[in-house]
$ cat run.pdb   # PDB, C-alpha atoms and all ligand atoms
ATOM      1  CA  MET A1261      29.750   2.629   5.947
ATOM      2  CA  ASP A1262      30.679   6.104   7.211
ATOM      3  CA  THR A1263      29.356   7.638  10.417
ATOM      4  CA  LYS A1264      26.941   9.908   8.529
ATOM      5  CA  ASP A1265      25.257   6.883   7.007
ATOM      6  CA  GLN A1266      25.195   5.069  10.333
ATOM      7  CA  LYS A1267      23.520   8.091  11.930
ATOM      8  CA  PHE A1268      20.989   8.224   9.083
ATOM      9  CA  ILE A1269      20.146   4.535   9.603
ATOM     10  CA  ARG A1270      19.670   4.989  13.353
ATOM     11  CA  GLU A1271      17.423   8.010  12.887
ATOM     12  CA  PHE A1272      15.442   6.391  10.073
ATOM     13  CA  GLU A1273      14.678   3.327  12.199
ATOM     14  CA  LYS A1274      13.865   5.442  15.257
ATOM     15  CA  LYS A1275      11.407   7.521  13.255
ATOM     16  CA  ILE A1276       9.511   4.491  12.020
ATOM     17  CA  LEU A1277       9.337   2.897  15.461
ATOM     18  CA  GLY A1278       8.098   6.297  16.681
ATOM     19  CA  THR A1279       5.304   6.320  14.076
ATOM     20  CA  ILE A1280       4.237   2.797  15.053
ATOM     21  CA  LYS A1281       4.107   3.771  18.732
ATOM     22  CA  LYS A1282       2.541   7.223  18.360
ATOM     23  CA  TYR A1283      -0.283   6.024  16.115
ATOM     24  CA  LYS A1284      -0.588   2.619  17.847
ATOM     25  CA  LEU A1285      -0.220   0.907  14.485
ATOM     26  CA  ALA A1286       0.592  -2.454  16.011
ATOM     27  CA  SER A1287       1.241  -4.087  19.345
ATOM     28  CA  LYS A1288       3.082  -7.293  20.110
ATOM     29  CA  LYS A1289      -0.325  -8.989  20.438
ATOM     30  CA  ASP A1290      -1.125  -8.282  16.790
ATOM     31  CA  ARG A1291      -0.634 -10.831  14.044
ATOM     32  CA  VAL A1292       0.921  -8.701  11.325
ATOM     33  CA  ILE A1293       1.249  -9.574   7.672
ATOM     34  CA  VAL A1294       3.289  -7.369   5.349
ATOM     35  CA  ALA A1295       2.012  -6.936   1.789
ATOM     36  CA  VAL A1296       5.292  -7.306  -0.052
ATOM     37  CA  SER A1297       5.722  -6.265  -3.666
ATOM     38  CA  GLY A1298       9.463  -6.940  -3.836
ATOM     39  CA  GLY A1299      10.063  -3.172  -3.906
ATOM     40  CA  LYS A1300      12.169  -1.066  -1.531
ATOM     41  CA  ASP A1301       9.269   0.267   0.566
ATOM     42  CA  SER A1302       7.515  -2.954   1.547
ATOM     43  CA  THR A1303      10.851  -4.780   1.900
ATOM     44  CA  THR A1304      11.927  -2.083   4.375
ATOM     45  CA  VAL A1305       8.654  -2.464   6.305
ATOM     46  CA  LEU A1306       9.101  -6.228   6.498
ATOM     47  CA  TYR A1307      12.702  -5.914   7.655
ATOM     48  CA  LEU A1308      11.898  -3.340  10.341
ATOM     49  CA  LEU A1309       8.762  -5.000  11.724
ATOM     50  CA  ASN A1310      10.820  -8.152  12.041
ATOM     51  CA  LYS A1311      13.690  -6.258  13.666
ATOM     52  CA  PHE A1312      11.287  -4.545  16.098
ATOM     53  CA  GLY A1313       9.975  -7.956  17.230
ATOM     54  CA  PHE A1314       6.495  -8.005  15.650
ATOM     55  CA  LYS A1315       7.156 -11.460  14.126
ATOM     56  CA  PRO A1316       5.504 -10.601  10.792
ATOM     57  CA  GLN A1317       4.608 -12.888   7.919
ATOM     58  CA  ALA A1318       4.776 -11.749   4.286
ATOM     59  CA  LEU A1319       2.187 -11.904   1.514
ATOM     60  CA  PHE A1320       3.172 -11.588  -2.126
ATOM     61  CA  ILE A1321       0.623 -11.421  -4.935
ATOM     62  CA  ASP A1322       2.059 -12.782  -8.160
ATOM     63  CA  LEU A1323       0.439 -10.484 -10.723
ATOM     64  CA  ASP A1324       1.989 -12.506 -13.554
ATOM     65  CA  MET A1325       3.668  -9.543 -15.244
ATOM     66  CA  GLY A1326       6.470 -11.537 -16.853
ATOM     67  CA  GLU A1327      10.046 -10.670 -15.898
ATOM     68  CA  TRP A1328       8.909  -7.900 -13.544
ATOM     69  CA  SER A1329       6.894 -10.246 -11.318
ATOM     70  CA  ASP A1330       9.427 -13.069 -11.595
ATOM     71  CA  ALA A1331      12.301 -10.860 -10.400
ATOM     72  CA  ASN A1332      10.212  -9.440  -7.538
ATOM     73  CA  MET A1333       9.130 -12.895  -6.417
ATOM     74  CA  LYS A1334      12.679 -14.260  -6.555
ATOM     75  CA  ASN A1335      14.007 -11.293  -4.551
ATOM     76  CA  ILE A1336      11.376 -11.361  -1.858
ATOM     77  CA  LYS A1337      11.509 -15.134  -1.435
ATOM     78  CA  LYS A1338      15.271 -14.908  -0.928
ATOM     79  CA  PHE A1339      14.900 -12.035   1.525
ATOM     80  CA  CYS A1340      12.211 -13.827   3.577
ATOM     81  CA  LYS A1341      14.447 -16.884   3.752
ATOM     82  CA  GLN A1342      17.314 -14.731   5.035
ATOM     83  CA  LEU A1343      15.069 -13.219   7.702
ATOM     84  CA  GLY A1344      13.381 -16.504   8.602
ATOM     85  CA  VAL A1345       9.966 -14.977   7.793
ATOM     86  CA  LYS A1346       7.128 -17.072   6.361
ATOM     87  CA  ILE A1347       6.048 -15.948   2.905
ATOM     88  CA  ASN A1348       2.560 -16.596   1.526
ATOM     89  CA  ILE A1349       2.080 -16.350  -2.221
ATOM     90  CA  VAL A1350      -1.183 -15.855  -4.114
ATOM     91  CA  SER A1351      -1.116 -16.302  -7.876
ATOM     92  CA  LEU A1352      -3.451 -14.164  -9.939
ATOM     93  CA  LYS A1353      -3.332 -16.757 -12.683
ATOM     94  CA  LYS A1354      -4.663 -19.402 -10.297
ATOM     95  CA  GLU A1355      -7.209 -16.959  -8.896
ATOM     96  CA  PHE A1356      -8.649 -15.543 -12.147
ATOM     97  CA  GLY A1357      -7.156 -17.732 -14.876
ATOM     98  CA  CYS A1358      -5.010 -14.889 -16.238
ATOM     99  CA  GLY A1359      -2.527 -12.201 -15.223
ATOM    100  CA  ILE A1360      -3.181  -8.533 -14.400
ATOM    101  CA  CYS A1361      -2.118  -7.246 -17.838
ATOM    102  CA  TYR A1362      -4.839  -9.244 -19.606
ATOM    103  CA  ILE A1363      -7.501  -8.223 -17.078
ATOM    104  CA  LYS A1364      -6.545  -4.566 -17.513
ATOM    105  CA  SER A1365      -6.426  -4.637 -21.284
ATOM    106  CA  VAL A1366      -9.848  -6.330 -21.558
ATOM    107  CA  ILE A1367     -11.542  -3.913 -19.146
ATOM    108  CA  ARG A1368      -9.852  -0.860 -20.675
ATOM    109  CA  SER A1369     -10.890  -1.831 -24.187
ATOM    110  CA  LYS A1370     -14.464  -0.891 -23.225
ATOM    111  CA  PHE A1371     -14.367   1.112 -20.001
ATOM    112  CA  LYS A1372     -12.450   4.221 -19.063
ATOM    113  CA  LEU A1373     -10.662   2.951 -15.966
ATOM    114  CA  ASN A1374      -7.172   3.857 -14.857
ATOM    115  CA  GLN A1375      -4.878   0.823 -14.843
ATOM    116  CA  CYS A1376      -3.421   1.446 -11.371
ATOM    117  CA  ILE A1377      -6.952   1.629  -9.994
ATOM    118  CA  ILE A1378      -7.827  -1.773 -11.487
ATOM    119  CA  CYS A1379      -4.667  -3.321 -10.059
ATOM    120  CA  GLY A1380      -5.161  -1.641  -6.661
ATOM    121  CA  ILE A1381      -8.744  -2.906  -6.310
ATOM    122  CA  ILE A1382      -7.710  -6.487  -7.035
ATOM    123  CA  LYS A1383      -4.704  -6.338  -4.723
ATOM    124  CA  ARG A1384      -6.717  -4.909  -1.805
ATOM    125  CA  TRP A1385      -9.416  -7.556  -2.242
ATOM    126  CA  ILE A1386      -6.869 -10.399  -2.198
ATOM    127  CA  LEU A1387      -4.899  -8.900   0.711
ATOM    128  CA  ASN A1388      -7.955  -8.618   2.944
ATOM    129  CA  ARG A1389      -9.249 -12.096   2.160
ATOM    130  CA  GLU A1390      -5.859 -13.804   2.609
ATOM    131  CA  ALA A1391      -5.005 -11.877   5.763
ATOM    132  CA  ARG A1392      -8.342 -12.872   7.275
ATOM    133  CA  LYS A1393      -7.869 -16.514   6.261
ATOM    134  CA  LEU A1394      -4.501 -16.456   8.021
ATOM    135  CA  LYS A1395      -6.123 -14.887  11.113
ATOM    136  CA  MET A1396      -4.020 -11.746  10.816
ATOM    137  CA  THR A1397      -5.059  -8.625  12.708
ATOM    138  CA  LYS A1398      -3.034  -6.053  10.696
ATOM    139  CA  ILE A1399      -1.894  -5.709   7.094
ATOM    140  CA  ALA A1400       1.207  -3.511   6.755
ATOM    141  CA  THR A1401       1.958  -1.849   3.428
ATOM    142  CA  GLY A1402       4.912   0.140   2.145
ATOM    143  CA  HIS A1403       3.034   3.404   1.517
ATOM    144  CA  ASN A1404       5.197   6.438   2.297
ATOM    145  CA  ILE A1405       4.593  10.183   2.658
ATOM    146  CA  ASP A1406       5.039  10.744  -1.086
ATOM    147  CA  ASP A1407       2.192   8.284  -1.816
ATOM    148  CA  GLU A1408      -0.025   9.919   0.785
ATOM    149  CA  ALA A1409       0.628  13.482  -0.433
ATOM    150  CA  GLN A1410      -0.239  12.341  -3.971
ATOM    151  CA  ASN A1411      -3.418  10.626  -2.726
ATOM    152  CA  VAL A1412      -4.617  13.696  -0.847
ATOM    153  CA  LEU A1413      -4.013  15.946  -3.847
ATOM    154  CA  MET A1414      -5.536  13.507  -6.346
ATOM    155  CA  ASN A1415      -8.754  13.165  -4.367
ATOM    156  CA  TRP A1416      -8.956  16.910  -3.981
ATOM    157  CA  MET A1417      -8.445  17.423  -7.687
ATOM    158  CA  LYS A1418     -11.128  14.849  -8.460
ATOM    159  CA  GLY A1419     -13.405  16.907  -6.213
ATOM    160  CA  ASN A1420     -14.059  13.867  -4.044
ATOM    161  CA  MET A1421     -12.663  14.147  -0.535
ATOM    162  CA  GLN A1422     -14.880  11.230   0.492
ATOM    163  CA  LEU A1423     -12.178   9.078  -1.109
ATOM    164  CA  SER A1424      -9.674  10.381   1.437
ATOM    165  CA  LEU A1425     -11.595   9.226   4.517
ATOM    166  CA  ASN A1426      -9.739   5.938   4.545
ATOM    167  CA  LEU A1427      -6.307   7.499   4.260
ATOM    168  CA  GLY A1428      -4.102   8.101   7.298
ATOM    169  CA  PRO A1429      -1.489   5.895   9.021
ATOM    170  CA  MET A1430      -4.193   3.279   9.717
ATOM    171  CA  THR A1431      -7.398   2.725   7.723
ATOM    172  CA  GLY A1432      -9.991   4.433   9.763
ATOM    173  CA  THR A1433     -13.675   4.476   9.044
ATOM    174  CA  VAL A1434     -14.297   0.798   8.449
ATOM    175  CA  SER A1435     -14.477  -1.401  11.501
ATOM    176  CA  ASP A1436     -15.829  -4.840  10.860
ATOM    177  CA  LYS A1437     -14.980  -8.416  11.799
ATOM    178  CA  LYS A1438     -14.292  -9.327   8.157
ATOM    179  CA  PHE A1439     -12.089  -6.312   7.526
ATOM    180  CA  VAL A1440      -8.395  -6.454   8.458
ATOM    181  CA  ALA A1441      -6.995  -3.007   9.347
ATOM    182  CA  ARG A1442      -4.234  -1.719   7.089
ATOM    183  CA  ILE A1443      -1.264   0.126   8.578
ATOM    184  CA  LYS A1444       1.452   2.264   6.968
ATOM    185  CA  PRO A1445       4.622   2.361   9.112
ATOM    186  CA  LEU A1446       6.393   4.560   6.497
ATOM    187  CA  TYR A1447       3.581   7.117   6.612
ATOM    188  CA  PHE A1448       5.849  10.031   7.600
ATOM    189  CA  THR A1449       8.889   8.884   5.656
ATOM    190  CA  ILE A1450      10.071  10.501   2.442
ATOM    191  CA  GLU A1451      10.499   8.051  -0.438
ATOM    192  CA  LYS A1452      14.062   9.224  -1.147
ATOM    193  CA  ASP A1453      15.011   8.305   2.436
ATOM    194  CA  VAL A1454      13.518   4.825   2.046
ATOM    195  CA  GLU A1455      15.586   4.400  -1.098
ATOM    196  CA  ARG A1456      18.768   5.515   0.665
ATOM    197  CA  TYR A1457      18.076   3.186   3.595
ATOM    198  CA  SER A1458      17.316   0.236   1.332
ATOM    199  CA  LYS A1459      20.497   0.811  -0.679
ATOM    200  CA  LEU A1460      22.656   1.187   2.433
ATOM    201  CA  MET A1461      21.177  -2.019   3.838
ATOM    202  CA  GLY A1462      21.777  -3.820   0.555
ATOM    203  CA  PHE A1463      18.211  -5.123   0.232
ATOM    204  CA  PRO A1464      17.690  -7.277  -2.862
ATOM    205  CA  VAL A1465      15.103  -5.121  -4.651
ATOM    206  CA  GLN A1466      14.380  -3.592  -8.048
ATOM    207  CA  TYR A1467      14.494   0.214  -7.945
ATOM    208  CA  LYS A1468      12.598   0.662 -11.208
ATOM    209  CA  ARG A1469       8.957   1.662 -11.012
ATOM    210  CA  CYS A1470       6.170  -0.686 -12.072
ATOM    211  CA  PRO A1471       6.295  -0.784 -15.917
ATOM    212  CA  CYS A1472       2.509  -0.297 -16.094
ATOM    213  CA  ALA A1473       2.398   2.903 -14.031
ATOM    214  CA  ILE A1474       2.546   5.248 -16.995
ATOM    215  CA  GLY A1475       0.355   8.074 -18.157
ATOM    216  CA  THR A1476      -1.562   8.331 -14.908
ATOM    217  CA  TYR A1477      -2.590  11.278 -12.815
ATOM    218  CA  ARG A1478      -0.286  10.021 -10.051
ATOM    219  CA  VAL A1479       2.773  10.056 -12.311
ATOM    220  CA  ASP A1480       2.143  13.709 -13.223
ATOM    221  CA  LEU A1481       1.540  14.732  -9.622
ATOM    222  CA  ARG A1482       4.649  12.917  -8.416
ATOM    223  CA  ALA A1483       6.755  14.797 -10.950
ATOM    224  CA  ILE A1484       5.234  18.147  -9.942
ATOM    225  CA  LEU A1485       5.787  17.536  -6.220
ATOM    226  CA  ASP A1486       9.309  16.177  -6.694
ATOM    227  CA  ASN A1487      10.383  19.101  -8.855
ATOM    228  CA  MET A1488       9.215  21.790  -6.477
ATOM    229  CA  LYS A1489      11.639  23.718  -4.368
ATOM    230  CA  ASP A1490      11.220  22.595  -0.740
ATOM    231  CA  SER A1491       9.555  19.433  -1.987
ATOM    232  CA  ARG A1492      10.179  17.631   1.340
ATOM    233  CA  GLU A1493       8.468  20.343   3.393
ATOM    234  CA  ILE A1494       5.591  20.599   0.948
ATOM    235  CA  LYS A1495       4.832  16.876   1.212
ATOM    236  CA  GLN A1496       5.083  17.059   5.010
ATOM    237  CA  ASN A1497       2.843  20.130   5.185
ATOM    238  CA  LEU A1498       0.235  18.531   2.933
ATOM    239  CA  VAL A1499       0.054  15.338   4.963
ATOM    240  CA  ASN A1500       0.243  17.006   8.385
ATOM    241  CA  HIS A1501      -2.511  19.432   7.474
ATOM    242  CA  PHE A1502      -4.601  16.601   6.069
ATOM    243  CA  LEU A1503      -4.236  14.670   9.346
ATOM    244  CA  LYS A1504      -5.382  17.720  11.271
ATOM    245  CA  ILE A1505      -8.642  17.978   9.344
ATOM    246  CA  LEU A1506      -9.230  14.230   8.911
ATOM    247  CA  PRO A1507     -11.177  13.670  12.181
ATOM    248  CA  LYS A1508     -13.573  16.497  11.262
ATOM    249  CA  MET A1509     -13.931  15.177   7.718
ATOM    250  CA  ARG A1510     -14.700  11.695   9.021
ATOM    251  CA  LYS A1511     -17.355  13.087  11.342
ATOM    252  CA  LYS A1512     -18.975  15.092   8.583
ATOM    253  CA  LEU A1513     -18.594  12.888   5.531
ATOM    254  CA  GLY A1514     -18.253   9.414   7.026
ATOM    255  CA  LYS A1515     -21.885   8.886   8.031
ATOM    256  CA  ASN A1516     -22.742   6.738   5.057
ATOM    257  CA  ASN A1517     -19.641   4.635   5.351
ATOM    258  CA  GLN A1518     -21.349   1.561   6.727
ATOM    259  CA  VAL A1519     -20.016  -1.859   5.870
ATOM    260  CA  GLN A1520     -22.068  -4.340   3.918
ATOM    261  CA  TYR A1521     -21.049  -7.725   2.540
ATOM    262  CA  CYS A1522     -20.680  -8.209  -1.191
ATOM    263  CA  LYS A1523     -23.578 -10.306  -2.502
ATOM    264  CA  LEU A1524     -21.204 -12.092  -4.895
ATOM    265  CA  CYS A1525     -18.043 -12.796  -2.885
ATOM    266  CA  GLY A1526     -19.016 -12.024   0.717
ATOM    267  CA  GLU A1527     -16.132  -9.615   1.292
ATOM    268  CA  PRO A1528     -16.741  -6.332   3.130
ATOM    269  CA  ALA A1529     -17.995  -3.654   0.733
ATOM    270  CA  ARG A1530     -19.492  -0.164   0.669
ATOM    271  CA  HIS A1531     -22.291  -1.185  -1.687
ATOM    272  CA  ASP A1532     -24.122  -4.460  -2.234
ATOM    273  CA  THR A1533     -21.412  -5.533  -4.696
ATOM    274  CA  CYS A1534     -17.727  -4.898  -3.897
ATOM    275  CA  ASN A1535     -15.403  -2.939  -6.201
ATOM    276  CA  LYS A1536     -13.567  -6.061  -7.304
ATOM    277  CA  CYS A1537     -16.770  -7.927  -8.251
ATOM    278  CA  GLN A1538     -18.146  -4.859 -10.075
ATOM    279  CA  MET A1539     -14.915  -4.702 -12.034
ATOM    280  CA  MET A1540     -14.770  -8.410 -12.796
ATOM    281  CA  GLU A1541     -18.357  -8.201 -14.049
ATOM    282  CA  LYS A1542     -17.103  -5.612 -16.543
ATOM    283  CA  PHE A1543     -14.240  -7.952 -17.455
ATOM    284  CA  VAL A1544     -16.576 -10.888 -18.110
ATOM    285  CA  SER A1545     -19.021  -8.695 -20.052
ATOM    286  CA  VAL A1546     -16.306  -7.663 -22.532
ATOM    287  CA  LYS A1547     -14.447 -10.980 -22.686
TER     288      LYS A1547
HETATM  289  P1  LIG A1601       1.443   0.154  -5.149
HETATM  290  O1  LIG A1601      -0.023  -0.029  -5.184
HETATM  291  O2  LIG A1601       2.178  -0.626  -6.205
HETATM  292  O3  LIG A1601       1.886   1.579  -5.030
HETATM  293  O4  LIG A1601       1.919  -0.528  -3.793
HETATM  294  C1  LIG A1601       1.528  -0.057  -2.546
HETATM  295  C2  LIG A1601       1.753  -1.132  -1.509
HETATM  296  O5  LIG A1601       0.942  -2.258  -1.822
HETATM  297  C3  LIG A1601       3.173  -1.668  -1.494
HETATM  298  O6  LIG A1601       4.014  -0.882  -0.686
HETATM  299  C4  LIG A1601       2.966  -3.050  -0.924
HETATM  300  O7  LIG A1601       2.845  -3.007   0.482
HETATM  301  C5  LIG A1601       1.629  -3.461  -1.520
HETATM  302  N1  LIG A1601       1.821  -4.235  -2.778
HETATM  303  C6  LIG A1601       2.047  -3.750  -4.019
HETATM  304  N2  LIG A1601       2.186  -4.754  -4.907
HETATM  305  C7  LIG A1601       2.046  -5.914  -4.216
HETATM  306  C8  LIG A1601       2.084  -7.305  -4.558
HETATM  307  N3  LIG A1601       2.292  -7.707  -5.812
HETATM  308  N4  LIG A1601       1.891  -8.223  -3.582
HETATM  309  C9  LIG A1601       1.663  -7.816  -2.306
HETATM  310  N5  LIG A1601       1.609  -6.528  -1.925
HETATM  311  C10 LIG A1601       1.803  -5.588  -2.853
HETATM  312 ZN    ZN A1602     -17.289  -9.043  -4.204
END
$ encode --input "run.pdb" --output "structure tokens"
Amino acid sequence: MDTKDQKFIREFEKKILGTIKKYKLASKKDRVIVAVSGGKDSTTVLYLLNKFGFKPQALFIDLDMGEWSDANMKNIKKFCKQLGVKINIVSLKKEFGCGICYIKSVIRSKFKLNQCIICGIIKRWILNREARKLKMTKIATGHNIDDEAQNVLMNWMKGNMQLSLNLGPMTGTVSDKKFVARIKPLYFTIEKDVERYSKLMGFPVQYKRCPCAIGTYRVDLRAILDNMKDSREIKQNLVNHFLKILPKMRKKLGKNNQVQYCKLCGEPARHDTCNKCQMMEKFVSVK
């Protein structure tokens, strides 16, 4: 490895430790679990939290997407073994009797719901429940600045900034004993840099994108942002400006953000039924 790469690695790691410290994402007293997909971002988070001494565990959700899920699971199991990190695995097939592709196709045959949204709702529901069962105090994800810039823009374009209240380096408005806070150590890190770091470190990951993430709003926005001149600065400006106005937005829009418990599953929810149970009711109604 040449000195330029070594310098990049040092600065990359320093930046992420800086984000964790500045935003108080985790302390050594926390029990941290990393939501690992087998991709470069969450693998990097797991590696660094372990390196920084947070003693994390890992949680992988097997979405049962054939070769894609099998390769991710194999990679992340191997990596956790190398690091000496405990990996917890939840199988969607065991949980719901089928994989994510079937759930999505059934729901989408009748309802107009974006496939990444369906998958995201199920993943978040499982992550919170499992993390709580394991007495974890923080869930770390691999979200980076590209993801956040896309989220901010998407919510704006949908005309619903309420959806952005929970963005930020740490989930903010919900504070409840059944809710495990989610943290994003790569919040200020450009995706291209994570890729470079992961490749230099030789992490065993797939660099392809999820095969289902096609034809979505996010895909279009990613392409627009990536193809712009000064794309790096634009993403940084978007996210930095968003963080500046977030406290005011939370004050103004966050009043009705009280936590309830889902009447069907008992998980924390914004309404009397959580998003996952509302969605699975749709699934059962069509099936
Ligand atoms: P995505 O929703 O695919 O953009 O992933 C965002 C973050 O969610 C990743 O960086 C991971 O931290 C987490 N994640 C995604 N897929 C999985 C999975 N199958 N199991 C556990 N965590 C996941
Ligand atoms: Zn529920």
$ residues_around --input "run.pdb" --residues "range 1507-1509 of chain A" --least-positions-apart "5" --cutoff "9 Å" --atoms "only C-alpha atoms" --output "ChimeraX atom specification"
/A:1421-1422,1424-1425,1514
$ residues_near_point --input "run.pdb" --point "(-8.4, -4.7, -21.2)" --cutoff "12 Å" --atoms "all atoms listed in the file" --output "JSON, numbers by chain"
{"A": [1358, 1359, 1360, 1361, 1362, 1363, 1364, 1365, 1366, 1367, 1368, 1369, 1370, 1371, 1372, 1373, 1374, 1375, 1378, 1379, 1539, 1540, 1542, 1543, 1544, 1545, 1546, 1547]}
$ resolve_selection --input "run.pdb" --expression "the PyMOL selection byres (((chain A and resi 1380-1382) around 10) and not hetatm)" --output "PyMOL selection string"
chain A and resi 1321+1323+1352+1360+1375-1379+1383-1387+1534-1537+1539-1540
$ closest_residue --input "run.pdb" --among "A:Ala1473, A:Arg1510, A:Phe1356, A:Asn1348" --to "Leu1423 in chain A" --atoms "all atoms listed in the file"
A:Arg1510
$ resolve_selection --input "run.pdb" --expression "the PyMOL selection byres (((chain A and resi 1317) around 9) and not hetatm)" --output "number ranges by chain"
A: 1291-1295, 1306, 1310, 1315-1316, 1318-1319, 1340, 1345-1348
